[in-house]
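K.L.:
Below is a structure I'd like to ask you about.
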Amino acid sequence: MEIVTNGDPDMTILSEVERYKLSRLIQELRSKKGRGTELISLYIPGGKRLDEVIGMLRQEYSQASNIKDRTTRHHVLDALTTVIQRLKMLGRVAPPNGLVIFCGYIDVGIPGKEKLEVHVIEPPEQIKVWLYRCDSRFHTEILEDILREKDVYGLLVMDLSEATFALLKGRRIEVLKTVTSGVPRKHHKGGQSARRFQRLREQAIHEYFKRVAEYASEFFLKVPDLKGVLVGGPGPAKIQFVEGDYLDYRIKEKVVGLVDVEYTGEEGLRELVNRGSRYIKDSRYVYERNLLQRFFERIVRDSDLVVYGEREVMEMMKYGAVDTLIVSEGIKDRILEVECLSCKKTYKIRVREEMRNLICPKCKGPVRVLSEKTFIEELIELSSKFGVKIELVSPNTEEGEMFLKAFGGIGALLRFNPHASKA
Ligand SMILES: [Zn+2]
């Protein structure tokens, strides 16, 4: 698996393709159950000697021989043997990122028909824990933790009337809270003296800034590996706030930029990441936005070096003309391999997200599903077959939504166009 490192050598950021593949795998593993306590989960840290692991599994084997239930005993012993055999083929030590192995007889609903499965995974990020578990399910929690988003910025838009906090996680803006200031407007209409009003107003601003700083600590300090904080808003309040003595120094030193935006609230947050993109250049959000803007620009210019739509993109892949394949994660189609229960033929069919009750296209008989993958997984496989770079983009940004709705969520930037007219 390809790994993208972002500055900090200890921190690896998964590419969207890795993230997609891993989350699909976890989803699949989580759906599997054992008949009894007989599914093995094994996490081996990077660099660990595999003969030691095998030794430990042999001890487990002799203990498992005492299991009372005959089927469970047979299943556990079989699974342990399979894992030991696999480990023997894998060399002397675990690879740098470690190894994760899931093995066992999967309950398919018919007693006696359980199927032995083994999954050997080299995780895209280093695993530091050792774990051996035998349970009625696979323990995927440690793998799931790898999916935790590490590309995170804190966002704050504020003026003298309100402040909104959010996190930019990868390509997603997660709104946390809006607080109102309680600061009276500049021009008062009361009977108080102007000076007294001014003093009260300054006091209210001071209290408001203190509250904003407290929320900033509450929301931003608990984010591990926070990459920076971007602050914006209309007017000078944001500058007064950041330069004043309000923010915790740990947040203050992470402020990467101050940006003028027209709005506060959620609208202001979107403006903030768009206008402040130069401060968060290495975020996935900005990366995808730039990529899609390049795609749209070529469309607008009527360039030869861009195509969209499945058929056109596939054709260009076959010509070797594709530089970057862009696919929206909003595409939910699945590809099923099914076997007809009456005529026994097998078919590959493509279905929309929620389609059930499939029938044989030839004899209309009932079918059973032999295997299933998403269309995106198929595109990932195809792109690696053709040696093409693939980028998965979110449908939830402004550009991403347009890419899905107006272009079907599949497009490509080309290196050359074999059909280009010779002008
Ligand atoms: Zn049939």
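By order of appearance in the structure tokens: chains A, B, ..., then residues from 1 within every chain, and ligands from 1 in the order shown.
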Excluding same-chain residues fewer than 5 positions from Lys348 (chain A), what lies within 9 Å of it counting only C-alpha atoms, as a list of chain:residue names?

P.N.:
A:Ile335, A:Leu336, A:Glu337, A:Val338, A:Glu339

K.L.:
Please produce a file of the residues just selected, as a PDB file, in the first residue's frame, where the atoms kept are C-alpha atoms.

P.N.:
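For reference, out-v1.pdb as written:
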ATOM      1  CA  ILE A 335     -20.881  -5.571  -8.592  1.00  0.00           C
ATOM      2  CA  LEU A 336     -22.197  -9.007  -7.707  1.00  0.00           C
ATOM      3  CA  GLU A 337     -21.197 -12.385  -8.928  1.00  0.00           C
ATOM      4  CA  VAL A 338     -24.296 -14.550  -8.700  1.00  0.00           C
ATOM      5  CA  GLU A 339     -25.206 -18.131  -9.414  1.00  0.00           C
TER       6      GLU A 339
END

K.L.:
Per residue of chain A within 7 Å of ligand 1, which atom pair is closest and at what distance in Å (one decimal), using only C-alpha atoms and all ligand atoms, listed by chain and increasing number, as CSV?

P.N.:
residue,atom,partner,partner_atom_place_in_ligand_line,distance
A:Cys340,CA,ligand 1,1 (Zn),4.6
A:Leu341,CA,ligand 1,1 (Zn),6.6
A:Ser342,CA,ligand 1,1 (Zn),5.3
A:Cys343,CA,ligand 1,1 (Zn),4.0
A:Lys344,CA,ligand 1,1 (Zn),6.2
A:Lys345,CA,ligand 1,1 (Zn),6.0
A:Cys360,CA,ligand 1,1 (Zn),4.6
A:Pro361,CA,ligand 1,1 (Zn),6.7
A:Lys362,CA,ligand 1,1 (Zn),5.2
A:Cys363,CA,ligand 1,1 (Zn),4.1
A:Lys364,CA,ligand 1,1 (Zn),5.9
A:Gly365,CA,ligand 1,1 (Zn),5.1

K.L.:
Could you name the residues that touch Ile251 (chain A) at 12 Å or less, counting only C-alpha atoms, but leaving out those on the same chain fewer than 3 positions away, as a list in words?

P.N.:
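Here the answer would be Tyr153, Gly154, Leu155, Leu156, Ala213, Glu214, Tyr215, Ala216, Ser217, Glu218, Phe219, Phe220, Leu221, Lys222, Val223, Leu226, Lys227, Gly228, Val229, Leu230, Val231, Val242, Asp245, Tyr246, Leu247, Asp248, Lys254, Val255 and Val256 of chain A.
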
K.L.:
Dump N, CA, C and O atoms for the selected residues as a short mmCIF file (atom, residue, chain, number, x, y, z; two decimals), in the first residue's frame?

P.N.:
data_model
loop_
_atom_site.label_atom_id
_atom_site.label_comp_id
_atom_site.auth_asym_id
_atom_site.auth_seq_id
_atom_site.Cartn_x
_atom_site.Cartn_y
_atom_site.Cartn_z
N TYR A 153 -7.56 20.29 11.12
CA TYR A 153 -7.34 21.69 11.46
C TYR A 153 -8.51 22.19 12.30
O TYR A 153 -9.64 21.78 12.10
N GLY A 154 -8.21 23.12 13.23
CA GLY A 154 -9.26 23.80 13.97
C GLY A 154 -9.70 25.03 13.19
O GLY A 154 -8.88 25.70 12.57
N LEU A 155 -11.01 25.31 13.18
CA LEU A 155 -11.53 26.48 12.47
C LEU A 155 -12.33 27.34 13.44
O LEU A 155 -13.08 26.83 14.27
N LEU A 156 -12.17 28.65 13.31
CA LEU A 156 -12.94 29.58 14.13
C LEU A 156 -13.29 30.80 13.29
O LEU A 156 -12.40 31.43 12.72
N ALA A 213 -12.14 31.85 24.05
CA ALA A 213 -10.87 31.17 24.30
C ALA A 213 -11.09 29.88 25.08
O ALA A 213 -10.43 28.86 24.82
N GLU A 214 -12.04 29.90 26.02
CA GLU A 214 -12.32 28.68 26.79
C GLU A 214 -12.87 27.57 25.88
O GLU A 214 -12.46 26.41 25.98
N TYR A 215 -13.77 27.95 24.98
CA TYR A 215 -14.29 26.96 24.03
C TYR A 215 -13.18 26.46 23.10
O TYR A 215 -13.12 25.28 22.78
N ALA A 216 -12.32 27.38 22.68
CA ALA A 216 -11.22 26.97 21.80
C ALA A 216 -10.37 25.91 22.50
O ALA A 216 -9.99 24.90 21.90
N SER A 217 -10.10 26.10 23.79
CA SER A 217 -9.33 25.10 24.55
C SER A 217 -10.09 23.79 24.61
O SER A 217 -9.53 22.71 24.39
N GLU A 218 -11.38 23.90 24.92
CA GLU A 218 -12.19 22.69 25.06
C GLU A 218 -12.20 21.88 23.75
O GLU A 218 -12.06 20.66 23.76
N PHE A 219 -12.35 22.57 22.63
CA PHE A 219 -12.50 21.85 21.36
C PHE A 219 -11.17 21.45 20.72
O PHE A 219 -11.06 20.39 20.13
N PHE A 220 -10.16 22.34 20.80
CA PHE A 220 -8.96 22.11 20.00
C PHE A 220 -7.84 21.38 20.75
O PHE A 220 -7.06 20.66 20.14
N LEU A 221 -7.77 21.56 22.08
CA LEU A 221 -6.64 20.93 22.79
C LEU A 221 -6.75 19.42 22.83
O LEU A 221 -5.76 18.72 22.92
N LYS A 222 -7.98 18.92 22.74
CA LYS A 222 -8.12 17.46 22.85
C LYS A 222 -7.89 16.73 21.52
O LYS A 222 -7.90 15.51 21.48
N VAL A 223 -7.67 17.50 20.45
CA VAL A 223 -7.43 16.84 19.16
C VAL A 223 -5.96 16.43 19.07
O VAL A 223 -5.08 17.29 19.07
N LEU A 226 -3.25 17.97 16.13
CA LEU A 226 -3.89 19.09 15.44
C LEU A 226 -2.84 19.83 14.60
O LEU A 226 -1.80 20.22 15.11
N LYS A 227 -3.13 19.98 13.30
CA LYS A 227 -2.10 20.54 12.41
C LYS A 227 -2.05 22.06 12.44
O LYS A 227 -1.02 22.65 12.08
N GLY A 228 -3.14 22.71 12.84
CA GLY A 228 -3.13 24.17 12.89
C GLY A 228 -4.52 24.69 13.17
O GLY A 228 -5.48 23.91 13.19
N VAL A 229 -4.60 25.99 13.43
CA VAL A 229 -5.90 26.62 13.66
C VAL A 229 -6.01 27.80 12.71
O VAL A 229 -5.10 28.62 12.61
N LEU A 230 -7.12 27.87 12.00
CA LEU A 230 -7.36 28.95 11.05
C LEU A 230 -8.49 29.82 11.60
O LEU A 230 -9.55 29.31 11.96
N VAL A 231 -8.23 31.13 11.68
CA VAL A 231 -9.20 32.03 12.29
C VAL A 231 -9.65 33.05 11.25
O VAL A 231 -8.82 33.60 10.51
N VAL A 242 -7.03 37.24 18.70
CA VAL A 242 -5.84 36.39 18.60
C VAL A 242 -4.62 37.09 19.18
O VAL A 242 -3.80 36.46 19.86
N ASP A 245 -4.52 38.70 25.02
CA ASP A 245 -4.03 37.67 25.92
C ASP A 245 -5.16 36.72 26.30
O ASP A 245 -5.51 36.60 27.47
N TYR A 246 -5.74 36.04 25.32
CA TYR A 246 -6.90 35.20 25.61
C TYR A 246 -6.64 33.72 25.38
O TYR A 246 -6.93 32.89 26.23
N LEU A 247 -6.09 33.41 24.20
CA LEU A 247 -5.94 32.00 23.82
C LEU A 247 -4.87 31.29 24.64
O LEU A 247 -3.83 31.88 24.95
N ASP A 248 -5.11 30.04 24.95
CA ASP A 248 -4.08 29.18 25.53
C ASP A 248 -2.87 29.20 24.58
O ASP A 248 -3.05 29.11 23.36
N LYS A 254 -0.43 27.55 17.32
CA LYS A 254 -0.88 26.76 16.16
C LYS A 254 -1.73 27.58 15.18
O LYS A 254 -2.19 27.04 14.17
N VAL A 255 -1.96 28.85 15.48
CA VAL A 255 -2.74 29.68 14.56
C VAL A 255 -1.91 29.88 13.29
O VAL A 255 -0.82 30.44 13.33
N VAL A 256 -2.41 29.35 12.16
CA VAL A 256 -1.64 29.40 10.92
C VAL A 256 -2.01 30.60 10.06
O VAL A 256 -1.24 31.02 9.20
#

K.L.:
Which residues are near Pro111 (chain A)? Cut-off 12 Å, only C-alpha atoms, ignore same chain within fewer than 4 positions. Put them as a ChimeraX atom specification.

P.N.:
/A:34-36,71-72,105-107,115

K.L.:
Could those residues be written to a file, using C-alpha atoms, as a PDB file, in the first residue's frame?

P.N.:
ATOM      1  CA  GLY A  34     -18.443 -17.750  14.416  1.00  0.00           C
ATOM      2  CA  ARG A  35     -20.725 -20.559  15.505  1.00  0.00           C
ATOM      3  CA  GLY A  36     -18.966 -20.583  18.872  1.00  0.00           C
ATOM      4  CA  THR A  71     -17.086 -28.881  16.592  1.00  0.00           C
ATOM      5  CA  THR A  72     -15.679 -25.801  18.298  1.00  0.00           C
ATOM      6  CA  TYR A 105     -14.828 -20.921  10.419  1.00  0.00           C
ATOM      7  CA  ILE A 106     -17.535 -18.444   9.417  1.00  0.00           C
ATOM      8  CA  ASP A 107     -21.119 -19.260  10.281  1.00  0.00           C
ATOM      9  CA  LYS A 115     -16.391 -22.031   5.870  1.00  0.00           C
TER      10      LYS A 115
END

K.L.:
Which polymer residues have any atom within 7 Å of an atom of region 122-136 of chain A, counting only C-alpha atoms, with same-chain residues fewer than 2 positions away left out, as a list in words?

P.N.:
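Non-adjacent residues within range: Met1, Ile3, Thr12, Lys33, Gly34, Arg35, Gly36, Thr37, Glu38, Leu39, Ile40, Ser41, Leu42, Tyr43, Ile44, Pro45, Gly46, Pro96, Asn97, Gly98, Leu99, Val100, Val120, Phe138 and Ile146 of chain A.
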
K.L.:
Leaving out Ile173 (chain A) and any residue of its chain fewer than 4 positions from it, which residues lie within 9 Å of it when counting only C-alpha atoms, given as a list in words?

P.N.:
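Listing them by chain and then by number gives Leu155, Ala166, Leu167, Leu168, Lys169, Leu269, Arg270 and Thr397 of chain A.
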
K.L.:
Taking the chain letters and numbering used in this document, name the residues of region 168-301 of chain A that DSSP puts in strand (DSSP E), as a PyMOL selection string.

P.N.:
chain A and resi 168-169+172-180+228-233+255-260

K.L.:
Which residues are close to Val351 (chain A), i.e. within 12 Å by only C-alpha atoms, leaving aside same-chain residues fewer than 3 positions away? Reply as a list in words.

P.N.:
Ile331, Lys332, Asp333, Arg334, Ile335, Leu336, Glu337, Val338, Lys348, Glu354, Met355, Arg356, Asn357, Leu358, Ile359, Glu372, Lys373, Thr374 and Phe375 of chain A

K.L.:
So that I have them on file, write out the residues from the current selection with N, CA and C atoms, as a PDB file, in the first residue's frame.

P.N.:
ATOM      1  N   ILE A 331     -20.575   7.424  -5.638  1.00  0.00           N
ATOM      2  CA  ILE A 331     -21.041   6.314  -6.484  1.00  0.00           C
ATOM      3  C   ILE A 331     -21.194   5.080  -5.609  1.00  0.00           C
ATOM      4  N   LYS A 332     -22.430   4.572  -5.525  1.00  0.00           N
ATOM      5  CA  LYS A 332     -22.694   3.479  -4.578  1.00  0.00           C
ATOM      6  C   LYS A 332     -22.969   2.147  -5.257  1.00  0.00           C
ATOM      7  N   ASP A 333     -22.756   2.053  -6.566  1.00  0.00           N
ATOM      8  CA  ASP A 333     -23.043   0.794  -7.265  1.00  0.00           C
ATOM      9  C   ASP A 333     -22.193  -0.349  -6.729  1.00  0.00           C
ATOM     10  N   ARG A 334     -22.776  -1.566  -6.785  1.00  0.00           N
ATOM     11  CA  ARG A 334     -22.041  -2.759  -6.380  1.00  0.00           C
ATOM     12  C   ARG A 334     -22.012  -3.740  -7.543  1.00  0.00           C
ATOM     13  N   ILE A 335     -20.986  -4.555  -7.554  1.00  0.00           N
ATOM     14  CA  ILE A 335     -20.881  -5.571  -8.592  1.00  0.00           C
ATOM     15  C   ILE A 335     -20.967  -6.935  -7.923  1.00  0.00           C
ATOM     16  N   LEU A 336     -21.962  -7.715  -8.336  1.00  0.00           N
ATOM     17  CA  LEU A 336     -22.197  -9.007  -7.707  1.00  0.00           C
ATOM     18  C   LEU A 336     -21.894 -10.122  -8.687  1.00  0.00           C
ATOM     19  N   GLU A 337     -21.317 -11.176  -8.149  1.00  0.00           N
ATOM     20  CA  GLU A 337     -21.197 -12.385  -8.928  1.00  0.00           C
ATOM     21  C   GLU A 337     -22.253 -13.316  -8.362  1.00  0.00           C
ATOM     22  N   VAL A 338     -23.189 -13.738  -9.210  1.00  0.00           N
ATOM     23  CA  VAL A 338     -24.296 -14.550  -8.700  1.00  0.00           C
ATOM     24  C   VAL A 338     -24.394 -15.871  -9.468  1.00  0.00           C
ATOM     25  N   LYS A 348     -22.172 -11.886 -13.750  1.00  0.00           N
ATOM     26  CA  LYS A 348     -21.683 -10.714 -13.049  1.00  0.00           C
ATOM     27  C   LYS A 348     -22.715  -9.625 -13.288  1.00  0.00           C
ATOM     28  N   GLU A 354     -29.242  -0.111  -3.076  1.00  0.00           N
ATOM     29  CA  GLU A 354     -30.146  -0.835  -2.193  1.00  0.00           C
ATOM     30  C   GLU A 354     -30.928  -1.961  -2.857  1.00  0.00           C
ATOM     31  N   MET A 355     -30.472  -2.408  -4.014  1.00  0.00           N
ATOM     32  CA  MET A 355     -31.258  -3.399  -4.723  1.00  0.00           C
ATOM     33  C   MET A 355     -31.169  -4.782  -4.085  1.00  0.00           C
ATOM     34  N   ARG A 356     -32.319  -5.395  -3.882  1.00  0.00           N
ATOM     35  CA  ARG A 356     -32.385  -6.767  -3.352  1.00  0.00           C
ATOM     36  C   ARG A 356     -33.216  -7.615  -4.307  1.00  0.00           C
ATOM     37  N   ASN A 357     -33.604  -8.830  -3.897  1.00  0.00           N
ATOM     38  CA  ASN A 357     -34.456  -9.720  -4.690  1.00  0.00           C
ATOM     39  C   ASN A 357     -33.986  -9.841  -6.131  1.00  0.00           C
ATOM     40  N   LEU A 358     -32.801 -10.374  -6.305  1.00  0.00           N
ATOM     41  CA  LEU A 358     -32.257 -10.502  -7.644  1.00  0.00           C
ATOM     42  C   LEU A 358     -32.803 -11.766  -8.308  1.00  0.00           C
ATOM     43  N   ILE A 359     -32.920 -11.705  -9.621  1.00  0.00           N
ATOM     44  CA  ILE A 359     -33.341 -12.895 -10.367  1.00  0.00           C
ATOM     45  C   ILE A 359     -32.379 -13.169 -11.512  1.00  0.00           C
ATOM     46  N   GLU A 372     -19.117 -10.208  -3.836  1.00  0.00           N
ATOM     47  CA  GLU A 372     -19.643  -8.865  -3.963  1.00  0.00           C
ATOM     48  C   GLU A 372     -18.521  -7.863  -3.789  1.00  0.00           C
ATOM     49  N   LYS A 373     -18.502  -6.833  -4.639  1.00  0.00           N
ATOM     50  CA  LYS A 373     -17.587  -5.721  -4.394  1.00  0.00           C
ATOM     51  C   LYS A 373     -18.240  -4.440  -4.871  1.00  0.00           C
ATOM     52  N   THR A 374     -17.710  -3.313  -4.445  1.00  0.00           N
ATOM     53  CA  THR A 374     -18.276  -2.061  -4.912  1.00  0.00           C
ATOM     54  C   THR A 374     -17.664  -1.732  -6.270  1.00  0.00           C
ATOM     55  N   PHE A 375     -18.371  -0.918  -7.041  1.00  0.00           N
ATOM     56  CA  PHE A 375     -17.866  -0.470  -8.331  1.00  0.00           C
ATOM     57  C   PHE A 375     -16.548   0.292  -8.129  1.00  0.00           C
TER      58      PHE A 375
END

K.L.:
So how far away is CA of Ser31 (chain A) from CA of Val369 (chain A), in Å?

P.N.:
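Spanning CA of Val369 (chain A) to CA of Ser31 (chain A) is a straight-line distance of 15.5 Å.
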
K.L.:
Nearest residue to Lys21 (chain A) out of A:Glu329, A:Glu271, A:Glu141, A:Glu377, using only C-alpha atoms?

P.N.:
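Residue with the minimum atom-to-atom distance to Lys21 (chain A): A:Glu377.
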
K.L.:
Output as a ChimeraX atom specification all residues of region 149-395 of chain A that backbone DSSP marks as helix (DSSP H, G or I).

P.N.:
/A:194-220,237-243,249-252,265-275,277-280,284-300,310-319,375-386

K.L.:
How about saving the chosen residues, C-alpha atoms kept, as a PDB file, in the first residue's frame?

P.N.:
ATOM      1  CA  ALA A 194     -21.409  57.626  26.285  1.00  0.00           C
ATOM      2  CA  ARG A 195     -18.295  56.943  28.315  1.00  0.00           C
ATOM      3  CA  ARG A 196     -20.081  54.606  30.714  1.00  0.00           C
ATOM      4  CA  PHE A 197     -21.625  52.752  27.752  1.00  0.00           C
ATOM      5  CA  GLN A 198     -18.217  52.402  26.136  1.00  0.00           C
ATOM      6  CA  ARG A 199     -16.786  50.947  29.346  1.00  0.00           C
ATOM      7  CA  LEU A 200     -19.601  48.408  29.668  1.00  0.00           C
ATOM      8  CA  ARG A 201     -19.206  47.424  26.056  1.00  0.00           C
ATOM      9  CA  GLU A 202     -15.462  46.873  26.409  1.00  0.00           C
ATOM     10  CA  GLN A 203     -16.114  44.776  29.495  1.00  0.00           C
ATOM     11  CA  ALA A 204     -18.622  42.675  27.560  1.00  0.00           C
ATOM     12  CA  ILE A 205     -16.125  42.177  24.707  1.00  0.00           C
ATOM     13  CA  HIS A 206     -13.463  41.099  27.182  1.00  0.00           C
ATOM     14  CA  GLU A 207     -15.838  38.540  28.749  1.00  0.00           C
ATOM     15  CA  TYR A 208     -16.864  37.293  25.304  1.00  0.00           C
ATOM     16  CA  PHE A 209     -13.257  36.824  24.180  1.00  0.00           C
ATOM     17  CA  LYS A 210     -12.550  34.922  27.394  1.00  0.00           C
ATOM     18  CA  ARG A 211     -15.466  32.597  26.652  1.00  0.00           C
ATOM     19  CA  VAL A 212     -14.350  32.085  23.057  1.00  0.00           C
ATOM     20  CA  ALA A 213     -10.868  31.173  24.304  1.00  0.00           C
ATOM     21  CA  GLU A 214     -12.323  28.676  26.786  1.00  0.00           C
ATOM     22  CA  TYR A 215     -14.285  26.961  24.035  1.00  0.00           C
ATOM     23  CA  ALA A 216     -11.216  26.974  21.800  1.00  0.00           C
ATOM     24  CA  SER A 217      -9.327  25.099  24.548  1.00  0.00           C
ATOM     25  CA  GLU A 218     -12.186  22.692  25.058  1.00  0.00           C
ATOM     26  CA  PHE A 219     -12.499  21.853  21.355  1.00  0.00           C
ATOM     27  CA  PHE A 220      -8.956  22.111  20.002  1.00  0.00           C
ATOM     28  CA  ALA A 237     -12.425  41.377  16.176  1.00  0.00           C
ATOM     29  CA  LYS A 238     -10.503  38.228  15.173  1.00  0.00           C
ATOM     30  CA  ILE A 239      -7.192  40.135  15.234  1.00  0.00           C
ATOM     31  CA  GLN A 240      -7.963  41.747  18.572  1.00  0.00           C
ATOM     32  CA  PHE A 241      -8.847  38.309  19.929  1.00  0.00           C
ATOM     33  CA  VAL A 242      -5.843  36.388  18.599  1.00  0.00           C
ATOM     34  CA  GLU A 243      -3.319  39.095  19.438  1.00  0.00           C
ATOM     35  CA  TYR A 249      -0.469  29.446  24.269  1.00  0.00           C
ATOM     36  CA  ARG A 250      -0.654  25.890  22.836  1.00  0.00           C
ATOM     37  CA  ILE A 251      -3.470  26.996  20.546  1.00  0.00           C
ATOM     38  CA  LYS A 252      -1.998  30.418  19.877  1.00  0.00           C
ATOM     39  CA  GLY A 265     -21.602  30.851  11.070  1.00  0.00           C
ATOM     40  CA  GLU A 266     -21.480  27.886   8.689  1.00  0.00           C
ATOM     41  CA  GLU A 267     -21.351  30.063   5.594  1.00  0.00           C
ATOM     42  CA  GLY A 268     -18.317  31.793   7.082  1.00  0.00           C
ATOM     43  CA  LEU A 269     -16.599  28.445   7.742  1.00  0.00           C
ATOM     44  CA  ARG A 270     -16.808  27.478   4.068  1.00  0.00           C
ATOM     45  CA  GLU A 271     -15.489  30.891   3.077  1.00  0.00           C
ATOM     46  CA  LEU A 272     -12.707  30.507   5.616  1.00  0.00           C
ATOM     47  CA  VAL A 273     -11.336  27.257   4.173  1.00  0.00           C
ATOM     48  CA  ASN A 274     -11.708  28.510   0.607  1.00  0.00           C
ATOM     49  CA  ARG A 275     -10.127  31.916   1.105  1.00  0.00           C
ATOM     50  CA  SER A 277      -6.545  27.646   1.461  1.00  0.00           C
ATOM     51  CA  ARG A 278      -2.955  28.920   1.221  1.00  0.00           C
ATOM     52  CA  TYR A 279      -2.594  28.351   4.986  1.00  0.00           C
ATOM     53  CA  ILE A 280      -3.884  24.784   4.850  1.00  0.00           C
ATOM     54  CA  ARG A 284      -7.023  16.909   1.828  1.00  0.00           C
ATOM     55  CA  TYR A 285      -9.830  19.461   1.452  1.00  0.00           C
ATOM     56  CA  VAL A 286      -7.660  21.871  -0.487  1.00  0.00           C
ATOM     57  CA  TYR A 287      -6.061  19.051  -2.483  1.00  0.00           C
ATOM     58  CA  GLU A 288      -9.415  17.747  -3.727  1.00  0.00           C
ATOM     59  CA  ARG A 289     -10.680  21.215  -4.427  1.00  0.00           C
ATOM     60  CA  ASN A 290      -7.635  22.012  -6.568  1.00  0.00           C
ATOM     61  CA  LEU A 291      -7.888  18.693  -8.373  1.00  0.00           C
ATOM     62  CA  LEU A 292     -11.564  19.214  -9.255  1.00  0.00           C
ATOM     63  CA  GLN A 293     -10.974  22.816 -10.222  1.00  0.00           C
ATOM     64  CA  ARG A 294      -8.330  21.614 -12.665  1.00  0.00           C
ATOM     65  CA  PHE A 295     -10.904  19.183 -14.065  1.00  0.00           C
ATOM     66  CA  PHE A 296     -13.597  21.894 -14.387  1.00  0.00           C
ATOM     67  CA  GLU A 297     -11.162  24.351 -15.974  1.00  0.00           C
ATOM     68  CA  ARG A 298     -10.306  21.865 -18.703  1.00  0.00           C
ATOM     69  CA  ILE A 299     -14.015  21.260 -19.324  1.00  0.00           C
ATOM     70  CA  VAL A 300     -14.684  24.995 -19.580  1.00  0.00           C
ATOM     71  CA  GLU A 310     -17.787   5.744 -17.531  1.00  0.00           C
ATOM     72  CA  ARG A 311     -17.556   4.661 -21.162  1.00  0.00           C
ATOM     73  CA  GLU A 312     -15.274   7.524 -22.217  1.00  0.00           C
ATOM     74  CA  VAL A 313     -13.014   7.097 -19.206  1.00  0.00           C
ATOM     75  CA  MET A 314     -12.689   3.322 -19.722  1.00  0.00           C
ATOM     76  CA  GLU A 315     -11.798   3.833 -23.365  1.00  0.00           C
ATOM     77  CA  MET A 316      -9.049   6.300 -22.468  1.00  0.00           C
ATOM     78  CA  MET A 317      -7.710   3.909 -19.832  1.00  0.00           C
ATOM     79  CA  LYS A 318      -7.336   1.238 -22.501  1.00  0.00           C
ATOM     80  CA  TYR A 319      -5.426   3.688 -24.714  1.00  0.00           C
ATOM     81  CA  PHE A 375     -17.866  -0.470  -8.331  1.00  0.00           C
ATOM     82  CA  ILE A 376     -15.236   1.778  -6.736  1.00  0.00           C
ATOM     83  CA  GLU A 377     -13.239  -1.289  -5.672  1.00  0.00           C
ATOM     84  CA  GLU A 378     -13.391  -2.507  -9.257  1.00  0.00           C
ATOM     85  CA  LEU A 379     -12.118   0.880 -10.477  1.00  0.00           C
ATOM     86  CA  ILE A 380      -9.271   0.741  -7.937  1.00  0.00           C
ATOM     87  CA  GLU A 381      -8.302  -2.699  -9.284  1.00  0.00           C
ATOM     88  CA  LEU A 382      -8.554  -1.518 -12.902  1.00  0.00           C
ATOM     89  CA  SER A 383      -6.454   1.555 -12.244  1.00  0.00           C
ATOM     90  CA  SER A 384      -3.691  -0.522 -10.745  1.00  0.00           C
ATOM     91  CA  LYS A 385      -3.894  -2.917 -13.702  1.00  0.00           C
ATOM     92  CA  PHE A 386      -3.506   0.000 -16.146  1.00  0.00           C
TER      93      PHE A 386
END

K.L.:
Pick out the closest residue to Ser303 (chain A) from this set: A:Leu258, A:Ile349, A:Val393, A:Leu414. Count only C-alpha atoms.

P.N.:
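Smallest distance to Ser303 (chain A) is found for A:Leu414.
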
K.L.:
Interatomic distance between CA of Val327 (chain A) and CA of Ile390 (chain A)?

P.N.:
7.4 Å
